[in-house]
Amino acid sequence: MLTDAPPRKNRADFLESDRVKSLDVPPNGMLLEIAKRLDSAMKSDRIADVRRACAEFLVTASGFYRVPTCGIRVLAARPLRVRERGTFELFGDYDPETSVIRVWMRTAVRKEVTSFGTFVSTLCHEFCHHLDFQKFGFADSWHTRGFYERAAALYHHGRGTPPKKLFWVPMSGGRWRIDWQRTNRGA
Ligand SMILES: [Zn+2]
């Protein structure tokens with residue numbers, strides 16, 4: 001994972017996004033329970049159930065963070081042509097103008113099924129873009145160190161796994177990448 005380079009505009013928002021490294025999570029296990037339903041829906045390949053569980057996850061999370069909920073489209077396969085608008089991801093995207101998250105269950109070319117972990121991680125990642133606009137009021141939603149930390153906090157909560165401390169390595173141009181060896185070792 002690599003952060004975005006600092007932008008020329010909206011520097012203050014970018015620095016704030018980078019600085020905020022924690023995210024409160026709901027005090028109950030509701031998201032975990034919904035994620036478990038999502039897991040079984042994915043295993044049985046029922047896209048309507050996957051969609052329902054995703055929508056429930058997002059409505060519950062939006063309620064907790066007191067933001068308007070976002071829309072969700074679950075696609076069977078990644079679209080071959082993705083419009084260059086909003087943020088673009090490998091397994092999903094988020095359109096800040098419509099507040100709609102799209103996630104896909106299969107990759108475009110090889111039609112491999114996205115793993116449950118990757119799917120939940122994508123859902124949390126895209127939802128954090130939504131939070132950047134709706135909760136934090138940032139002018140844009142960048143992939144900063146803080147952004148990845150917030151997305152990770154939500155992901156670990158949703159999966160019931162202990163959060164990991166992320167270790168970062170500076171790159172050129174003001175970017176950072178995660179040092180996975182140290183992160184996985186925890187020191
Ligand atoms: Zn993103």
# chains A, B, ... in the order shown; residues from 1 in each chain; ligands from 1
$ residues_around --residues "Lys164 (chain A)" --least-positions-apart "4" --cutoff "8 Å" --atoms "only C-alpha atoms" --output "PDB file with N, CA and C atoms, in the first residue's frame"
ATOM      1  N   THR A 183       5.229  -4.660   9.971  1.00  0.00           N
ATOM      2  CA  THR A 183       3.825  -4.621  10.389  1.00  0.00           C
ATOM      3  C   THR A 183       3.364  -5.998  10.824  1.00  0.00           C
ATOM      4  N   ASN A 184       3.721  -7.018  10.058  1.00  0.00           N
ATOM      5  CA  ASN A 184       3.280  -8.377  10.415  1.00  0.00           C
ATOM      6  C   ASN A 184       4.019  -8.925  11.631  1.00  0.00           C
ATOM      7  N   GLY A 186       5.037  -6.928  13.991  1.00  0.00           N
ATOM      8  CA  GLY A 186       4.529  -6.120  15.101  1.00  0.00           C
ATOM      9  C   GLY A 186       5.606  -5.364  15.849  1.00  0.00           C
TER      10      GLY A 186
END
$ residues_around --residues "Glu126 (chain A)" --least-positions-apart "3" --cutoff "12 Å" --atoms "only C-alpha atoms" --output "number ranges by chain"
A: 54, 58, 70-73, 86-96, 99-103, 119-123, 129-133, 141-143, 147-148, 150-152, 154-155
$ closest_residue --among "A:Leu15, A:Leu31, A:Cys128, A:Ala61" --to "ligand 1" --atoms "only C-alpha atoms and all ligand atoms"
A:Cys128
$ residues_around --residues "Arg19 (chain A)" --least-positions-apart "4" --cutoff "10 Å" --atoms "only C-alpha atoms" --output "VMD selection string"
chain A and resid 13 to 15 144 to 147 149
$ select_by_dssp --residues "region 6-173 of chain A" --states "strand (DSSP E)" --output "count of residues only"
19
$ decode --residues "region 167-180 of chain A" --atoms "N, CA and C atoms" --output "PDB file, in the first residue's frame"
ATOM      1  N   PHE A 167       3.536   0.017  10.167  1.00  0.00           N
ATOM      2  CA  PHE A 167       4.845   0.664  10.081  1.00  0.00           C
ATOM      3  C   PHE A 167       5.029   1.221   8.669  1.00  0.00           C
ATOM      4  N   TRP A 168       5.526   2.447   8.587  1.00  0.00           N
ATOM      5  CA  TRP A 168       5.621   3.154   7.320  1.00  0.00           C
ATOM      6  C   TRP A 168       7.063   3.439   6.933  1.00  0.00           C
ATOM      7  N   VAL A 169       7.309   3.388   5.640  1.00  0.00           N
ATOM      8  CA  VAL A 169       8.630   3.715   5.111  1.00  0.00           C
ATOM      9  C   VAL A 169       8.474   4.911   4.176  1.00  0.00           C
ATOM     10  N   PRO A 170       9.291   5.960   4.374  1.00  0.00           N
ATOM     11  CA  PRO A 170       9.170   7.114   3.470  1.00  0.00           C
ATOM     12  C   PRO A 170       9.672   6.784   2.071  1.00  0.00           C
ATOM     13  N   MET A 171       8.952   7.325   1.074  1.00  0.00           N
ATOM     14  CA  MET A 171       9.326   7.138  -0.324  1.00  0.00           C
ATOM     15  C   MET A 171       9.594   8.531  -0.895  1.00  0.00           C
ATOM     16  N   SER A 172       9.965   8.591  -2.164  1.00  0.00           N
ATOM     17  CA  SER A 172      10.203   9.910  -2.743  1.00  0.00           C
ATOM     18  C   SER A 172       8.878  10.646  -2.953  1.00  0.00           C
ATOM     19  N   GLY A 173       8.956  11.939  -3.059  1.00  0.00           N
ATOM     20  CA  GLY A 173       7.775  12.752  -3.377  1.00  0.00           C
ATOM     21  C   GLY A 173       6.779  12.864  -2.245  1.00  0.00           C
ATOM     22  N   GLY A 174       7.235  12.634  -1.009  1.00  0.00           N
ATOM     23  CA  GLY A 174       6.333  12.781   0.136  1.00  0.00           C
ATOM     24  C   GLY A 174       5.358  11.634   0.304  1.00  0.00           C
ATOM     25  N   ARG A 175       5.629  10.518  -0.379  1.00  0.00           N
ATOM     26  CA  ARG A 175       4.739   9.355  -0.254  1.00  0.00           C
ATOM     27  C   ARG A 175       5.305   8.376   0.782  1.00  0.00           C
ATOM     28  N   TRP A 176       4.444   7.466   1.222  1.00  0.00           N
ATOM     29  CA  TRP A 176       4.834   6.461   2.198  1.00  0.00           C
ATOM     30  C   TRP A 176       4.317   5.108   1.740  1.00  0.00           C
ATOM     31  N   ARG A 177       5.034   4.065   2.093  1.00  0.00           N
ATOM     32  CA  ARG A 177       4.490   2.731   1.857  1.00  0.00           C
ATOM     33  C   ARG A 177       4.528   1.953   3.162  1.00  0.00           C
ATOM     34  N   ILE A 178       3.646   0.962   3.268  1.00  0.00           N
ATOM     35  CA  ILE A 178       3.633   0.138   4.471  1.00  0.00           C
ATOM     36  C   ILE A 178       4.782  -0.858   4.420  1.00  0.00           C
ATOM     37  N   ASP A 179       5.490  -0.962   5.537  1.00  0.00           N
ATOM     38  CA  ASP A 179       6.518  -1.986   5.686  1.00  0.00           C
ATOM     39  C   ASP A 179       5.797  -3.228   6.223  1.00  0.00           C
ATOM     40  N   TRP A 180       5.436  -4.141   5.320  1.00  0.00           N
ATOM     41  CA  TRP A 180       4.637  -5.297   5.727  1.00  0.00           C
ATOM     42  C   TRP A 180       5.395  -6.244   6.643  1.00  0.00           C
TER      43      TRP A 180
END
